[in-house]
Structures are given as C-alpha cells and as structure tokens.
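Note sheet for the following structure.
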Amino acid sequence: METFSHLLYGFQVVFQPLTLFACFVGVLIGTLVGVLPGLGPVAAISLLLPATFHAPPVASIIMLAGIYYGAMYGGSTTSILVNLPGEAASVVTCLDGYQMARKGRAGVALGISAFGSFIAGTLGLIGLACLAPPLAAMALRFGPPEYFAVMVLGLAVLVFLAGGSMIKSLMMACFGIIIGNVGMDPITAQPRFTFQTDILLDGVGLVPLVMGLFGISEVLLNVEESLQSREVFQTKLKGLLPNLRDWRESIWPIIRGSVLGFFLGILPGGGAVISSFVSYGIERKLSRHPEEFGQGAIAGVAGPESANNSATAGAFIPLLTLGLPSNAVMAILLGALMIYDTPPGPRLVTAHPEIFWGVISSMYIGNAMLLILNLPLIGLWVKILKIPYPVLFPLILLFCLIGVYSLNNKVSEIGLMLLFGVIGYLMKKFKFDGAPLILAMVLGPLMDKALRQSLIMSGGSPAILLESTICTVIFAVVAVILFILPLLPVIGRFRKKVGEAEEQT
Amino acid sequence: MPFIPPSGLGGILAYFYKMKNPDQYSGIFWVLLGGTVTISSFFYGVGSFSTPGPGFITFLAGAVLTLLSLVLFISSSGSKGSGQSLRSLWEGRQAGKAFYILGLLVAYMFLMPPLGFLLSTFLLLILLFRVQATYSLRKVIFLSAAATIASIIVFDVWLGVQLPRGFIGYSLF
C-alpha cells in the first residue's frame, strides 16, 4: 500500500508539464537513437547530458532514462525491417523479426515487439517499485568494505560479460580506475596526474570522456567505412495488431522474457543484451516447434524484445538503491545524478523522493508514450532510416562540440573530448571494450574512498575486506567469475555471441 | 613470432620492426602507460596499509595494468592473433577521411574563439558535409547555414550557452 502511495507521488511529479515534456523528448530521442544504427543509447545520453544541466534534475534524469528504454523500443524497428540491429540488444530480433517481414508479417512483428515491450516495461516497473525500497533500506547497513566488495563485483561481472578478451577488459577497468582518480584527492586535497593544468583539477570530466569514446570515435570509424544508404525492406506495413493466435503464441514468451530480463538487468554487467540472448535460447528450448525459430517464429521476437525492455527497469535497481551502476548507461546516469548534486544510493529515496519515485513512475508513462509513438509512427522511423550518413555525422559532431563546450565555456574541454575520441577510435581498432572503462572511471573515486576508509578502519589490515559474510561471499563470487567460469566452454561460446552482437551495432 | 627477449637497442628495434600482431603494439603501449602510472604514484604518496596515501589506488591499478599488459604482449607474441597485421587494421578503409575530420576538429578548437561560433561552425560544417556527400555546393551551404543558425537558436538563445562571438560577433537575436 505504501509503495502504491509512493508511486502516486511519483505520478504527481511526472505529470508536471515540464517533466512530462522531458519524458516525451527522452523516449522520442531514444526511439530515434534505437532506429539509427551507429548511434547507441550510451552515445546519445552522453551527447545530451550537457543540455540537461539547464533543466531541473528530475526532468533531466527522466529524459535521460527515457532515452535508454526508448532505444530498446526503437532498436527492434531496424532489426525487423532492415535486418540491421539499431543497438546490441536487438541483434536477436533480427533472426525471426526479419524473416517475419520477408513473409509479409512485418506489421505483426513490429506490433508484438511494441506490445511485448510495453507489457515487459510495466512488469519491470512493478518489480522496481516493490524491490527498490527494501534494498535501499538494507544497503544503509553497508559499510566501506561491503561497498568496495560490491563495486569489485560489478566490475568483475562487466569484464566477464563484455565479450572479447577478458584480459583486455580487465586492462580497461584498470585504466578506468586510473582516469577516475585523476584530479584532487578528496582526503588530502593533493592533485594527482593533473600535469599542473586547471582542467584536470576537478578530475577528467565524464561528458568529454563519453562523448569522445562513444561519439567522436564512432563517427571516425563510420566515415572510414563509407556507409551506404540502407536497403529498407520494401513492403506495405499493415496489420500492426497481432491476432488471437499471435497473442497465444506470444503471451508466455512475453511474461517469461519480462521476469528473466528484470532479474538479469539487476545483475551488475547484465542487462539488455544478455537477457535478449538468454530469452531467445529459452523460448527455442520450450517451443513445440523449435525448427520454426530463425524462420519467422513470433515467440523469437516477443520473448527477447520483452526481456531487453524489462532489463532496463531492473538495471535501475542497483543504481537507485546502492548508487552502483550496472552498465555503461547507468554509469553515465550516476555521473549525471552526481552533477545534479543528487547522488544516488540508499539515501536517495528519503533525501530526493521526487527523483526516486519520479523516475520509476516516469517509466510507466514513458512506456505508454512509446506504445503510442511506435505503432502509428513506424512510417516516420522508416523514413528516418533513410537519412544518409554523410548528412548525419556532421550534425552529430556539431552536437558533440557544442555540448562539451557548454560545460564550462572552455575550448580545452573540446581538446579533452578529441583526445578521448582518438583513444576510443584506437580502442575499437585494437578491440578494447569501452564499457568497463566507463564503469571503472565512475566507480574509481568511490572505490578509492571505500578501500582507504576500510584500511584505515582496520588499522592497516586488508583482512577487513573478507571479515563480513557479505564481503566473503562477494569476493568468492568474483573469484569464480574471473578464474573458473572463463574455463567453461559453454560460457566461452556465450561470451563470443555477446561480443559479436556488440560488434554488429 | 614467439617472444624471445631481444638484447641491445638494435635487437629491440629489430624486434619491434618484425612484430606482426596488433596486440603486441597495444601491449607495449599499455605496459609503458601502466609502468608510468605505477612509478608516478610513488611521487603522490602510496602510503601504507594503515595510512593509504593519494597514490594508493592508482599504484594498485597501474601495477595490475602493467602485469596484464605484459600477459597480453607475451601471449600475443606466440600467435598472429586473428591473422591481422597492424597495417590490416586500416586496409580497405578510407582512413584518410577519419584523420582529415580529426584535423578539422582540432583546427576548429583553435579557431573558434578568434573567429567566433557563427563563422567557424559554418565553415566547419561546409567542409564536413563535403567529406562524403556528393551534394552541390549550394545545398551544402544551405545545410551548413541552417544547422549553424539552428544551433545558435537552441543553445545560445534558448539554453543560454555563451557561445564565442569572435571578431565579427552576431547580433541576429
């Protein structure tokens, strides 16, 4: 009952005209980003981050969250119509979605993915509203050693699931920790790795870093490839509403995908990509006609699309309750919340209930908006798909330049962004993943603080990190993740699949 | 090429020249970076377990980065990785365009304050639209002008970002 009244309060926050508009803009941009291959939610959120500094924190964070789950909706459109996933979580949708389109059922595929996403988003929201407050209350009992352990776990899982070489991902996590600790030491106020420059005194800015790593580098790589205009499946879109048989075949995959996606989304490093793959695998195993998968089975669209949407709701739990991001998007949102002076964590629910419940409620409204946006506007998204990249990329670059300049009205911020653009470009060339870097960069200062506080508390004994049961269990899990799981061939194949999916987008 | 430690400066240079796997190059880069961070951390003060200093965590991260980079370098020395050479990372691609764009952006960074946002952005966009597009100059000028003015309206007028006016300034609004 209490949760219900809190949700009502959240709806009051969302129904303010400015917040409602921010939610609409967020899901609209999110859908657009999902539709456009080569521009993912991480890049889009980082591009828009500076623009939000001029708006109230609630509206800003609701808009940024809207981009994230909106992208999951939009990603399915390109998968189904072009066989080209708009973002990594929609790779699986290509398998059956595009086949459905080839058989003249593009409308139904788009329809079921929109309805499935809506149902999953709603179920995910209910889970979020019920689970987040008790978890936040529990997290209040965490001390520095427990926080340090949870952060190490988050990094370990992300490194493990990043796809590609685990050594390279671990290296990126170390590099991220180093970058995160550039600037004034919070305990002694001593500058570290600032090279006697003012720009680095407050640390490496999150915005120039993510814009460089995900915005500039992406453009540099894409112009090298001279992207041709995409062939959109030429068919008249009709019958967006699934019939009774379609619903019968889809409803359980939607429910299973929703539950699975939600819980996988909570796990650090888990999230939309993994949950869509696992959901597809489960549906194929459970199906009476597994041979239809890959030939246009509607369950192969409904399950993964529901799972990746539900995962976005789950991913907010560790962020809002523990202040720990579970993936790169959440890491940027964490950075944004810190910039707005509303640091997430167990105290967010009491200190800033408008943000906590506002974000949760906005996801429901946002999901409804997406359903309305996606079905009637599919024709528009198809047209946008045809915008040639040579017109698009100068505008993306312009947005990066203004966005990063507007932070402090300094051209040196542009220089920092370009530096990280080059680093990101080379990282992609040499197959280094950016996600562990971002997460570690955001967690770096928090890890530094938690580790040093733990050691000071114990009088210099590192054993404090293993004293409590929570810490022991977490570090045991970390050891299993880093040293035992990679040896299993099944896990190796799964990581490869995820890595390939991320490379495709 | 299996990893056999070379001797002397000439041997090291010859080894670098013969390296095939891109991971060997990146391994060396990260070893140098990690090593520099580890050593620099001592200057900031690593401290002890009971009183960890400002350089404590960067020392740990730098040391682990160095170790992992060494593992990457040595493991990639025994294989050719995915059969790619360093040159192949840019083969069949129009890398010149990427470097050209990067050059334009660096030039923009230096020219924006004296020239002002209006003029520098307009010129930048003209050059960027011409990189891949085969549009007529008239269309490119129209697109560039529209995007520049739209960004001034959104960022300068609506959002209050103080974009540099430069020597010509602009009194449009």
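Residues are named by chain letter and number: chains run A, B, ... in the order of the structure tokens, numbers start at 1 in each chain, and ligands are numbered from 1 in the order shown.
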
>> If the cut-off is 6 Å, can you tell me the residues of chain B near chain A, counting only C-alpha atoms? I'd like them as a ChimeraX atom specification.
In response: /B:49-50,52,54,57-58,61,65,93-95,98,128,132-133,161

>> as number ranges by chain, please: the residues near A:Val14 (cut-off 12 Å, only C-alpha atoms, same-chain neighbours under 6 positions excluded).
In response: A: 7-8, 20-24, 58-63, 354-366

Preceding selection exported with C-alpha atoms as a tab-separated table (two decimals), in the first residue's frame:
chain	number	residue	atom	x	y	z
A	7	LEU	CA	4.01	5.60	-6.89
A	8	LEU	CA	1.12	8.05	-6.85
A	20	LEU	CA	6.05	15.21	-18.90
A	21	PHE	CA	7.63	17.03	-21.82
A	22	ALA	CA	11.10	15.81	-20.75
A	23	CYS	CA	9.79	12.24	-20.63
A	24	PHE	CA	8.31	12.62	-24.11
A	58	VAL	CA	14.04	15.46	-12.05
A	59	ALA	CA	13.16	16.41	-15.62
A	60	SER	CA	16.74	15.85	-16.73
A	61	ILE	CA	17.15	12.39	-15.29
A	62	ILE	CA	13.69	11.34	-16.52
A	63	MET	CA	14.65	12.43	-20.03
A	354	GLU	CA	10.88	13.21	-6.20
A	355	ILE	CA	13.79	11.80	-8.21
A	356	PHE	CA	13.49	8.23	-6.93
A	357	TRP	CA	9.73	7.85	-7.41
A	358	GLY	CA	9.59	10.30	-10.29
A	359	VAL	CA	11.99	8.20	-12.36
A	360	ILE	CA	10.15	4.99	-11.50
A	361	SER	CA	6.73	6.43	-12.39
A	362	SER	CA	8.04	8.13	-15.49
A	363	MET	CA	8.99	4.75	-16.86
A	364	TYR	CA	5.36	3.75	-16.86
A	365	ILE	CA	4.27	6.92	-18.60
A	366	GLY	CA	7.22	6.60	-20.93

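As for atom CA of A:Ala129 and atom CA of A:Gly345, they are spaced 15.3 Å apart.
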
> What separation in Å, quoted to one decimal, exists between atom CA of A:Leu200 and atom CA of A:Ser169?
Replying inline: 25.0 Å

Write out as an mmCIF file with N, CA and C atoms, in the first residue's frame which residues come within 7 Å of stretch 103-115 of chain A when counting only C-alpha atoms, dropping same-chain ones fewer than 6 positions away.
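Below you can see result_0.cif, which holds the result:
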data_model
loop_
_atom_site.group_PDB
_atom_site.id
_atom_site.type_symbol
_atom_site.label_atom_id
_atom_site.label_comp_id
_atom_site.auth_asym_id
_atom_site.auth_seq_id
_atom_site.Cartn_x
_atom_site.Cartn_y
_atom_site.Cartn_z
ATOM 1 N N TYR A 73 13.078 0.091 -27.595
ATOM 2 C CA TYR A 73 11.921 0.004 -28.485
ATOM 3 C C TYR A 73 12.353 0.217 -29.939
ATOM 4 N N THR A 77 12.834 -1.905 -34.604
ATOM 5 C CA THR A 77 12.334 -1.483 -35.914
ATOM 6 C C THR A 77 13.347 -1.801 -37.013
ATOM 7 N N ILE A 80 13.825 -5.603 -37.595
ATOM 8 C CA ILE A 80 12.749 -6.255 -38.333
ATOM 9 C C ILE A 80 12.728 -5.811 -39.797
ATOM 10 N N LEU A 81 12.888 -4.528 -40.033
ATOM 11 C CA LEU A 81 12.717 -4.030 -41.398
ATOM 12 C C LEU A 81 13.988 -4.068 -42.244
ATOM 13 N N GLY A 97 12.502 -11.688 -36.587
ATOM 14 C CA GLY A 97 11.765 -10.480 -36.989
ATOM 15 C C GLY A 97 11.885 -10.226 -38.485
ATOM 16 N N LEU A 237 3.330 -1.732 -44.763
ATOM 17 C CA LEU A 237 3.096 -2.143 -43.385
ATOM 18 C C LEU A 237 1.603 -2.174 -43.109
ATOM 19 N N LYS A 238 1.119 -3.360 -42.800
ATOM 20 C CA LYS A 238 -0.315 -3.453 -42.490
ATOM 21 C C LYS A 238 -0.500 -4.432 -41.338
ATOM 22 N N GLY A 239 -1.631 -4.368 -40.702
ATOM 23 C CA GLY A 239 -1.958 -5.308 -39.635
ATOM 24 C C GLY A 239 -0.971 -5.272 -38.487
ATOM 25 N N LEU A 240 -0.817 -4.089 -37.878
ATOM 26 C CA LEU A 240 0.118 -3.990 -36.761
ATOM 27 C C LEU A 240 -0.393 -4.718 -35.514
ATOM 28 N N LEU A 241 -1.710 -4.900 -35.441
ATOM 29 C CA LEU A 241 -2.270 -5.550 -34.259
ATOM 30 C C LEU A 241 -2.206 -7.064 -34.433
ATOM 31 N N PRO A 242 -1.512 -7.762 -33.528
ATOM 32 C CA PRO A 242 -1.432 -9.219 -33.626
ATOM 33 C C PRO A 242 -2.818 -9.849 -33.439
ATOM 34 N N ILE A 298 7.091 -16.066 -34.062
ATOM 35 C CA ILE A 298 6.730 -14.825 -33.353
ATOM 36 C C ILE A 298 7.273 -14.818 -31.917
ATOM 37 N N VAL A 301 10.550 -13.179 -31.410
ATOM 38 C CA VAL A 301 10.566 -11.710 -31.388
ATOM 39 C C VAL A 301 10.019 -11.234 -30.039
ATOM 40 N N ALA A 302 8.888 -11.861 -29.630
ATOM 41 C CA ALA A 302 8.197 -11.402 -28.412
ATOM 42 C C ALA A 302 9.067 -11.566 -27.162
ATOM 43 N N GLU A 305 12.428 -9.234 -27.126
ATOM 44 C CA GLU A 305 12.065 -7.812 -27.074
ATOM 45 C C GLU A 305 11.522 -7.439 -25.692
ATOM 46 N N LEU A 371 4.467 3.183 -26.750
ATOM 47 C CA LEU A 371 3.495 2.362 -27.468
ATOM 48 C C LEU A 371 2.740 3.222 -28.481
ATOM 49 N N ASN A 374 5.362 4.332 -31.236
ATOM 50 C CA ASN A 374 5.929 3.319 -32.121
ATOM 51 C C ASN A 374 4.978 2.824 -33.175
ATOM 52 N N LEU A 375 3.749 2.551 -32.781
ATOM 53 C CA LEU A 375 2.850 1.938 -33.757
ATOM 54 C C LEU A 375 2.430 2.909 -34.864
#

>> Report as JSON, numbers by chain all protein, DNA and RNA residues lying within 9 Å of A:Thr93, evaluated on only C-alpha atoms, omitting residues in the same chain fewer than 3 positions from it.
In response: {"A": [75, 76, 79, 80, 83, 85, 89, 90, 96, 97, 98, 276, 280, 300, 301, 302, 304, 305]}

Excluding same-chain residues fewer than 6 positions from B:Val140, what lies within 8 Å of it counting only C-alpha atoms, as a PDB file with C-alpha atoms, in the first residue's frame?
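Written out: result-v5.pdb:
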ATOM      1  CA  ILE B 126      30.707  23.068 -45.121  1.00  0.00           C
ATOM      2  CA  PHE B 129      29.290  17.916 -45.412  1.00  0.00           C
ATOM      3  CA  ARG B 130      31.726  17.734 -48.324  1.00  0.00           C
TER       4      ARG B 130
END
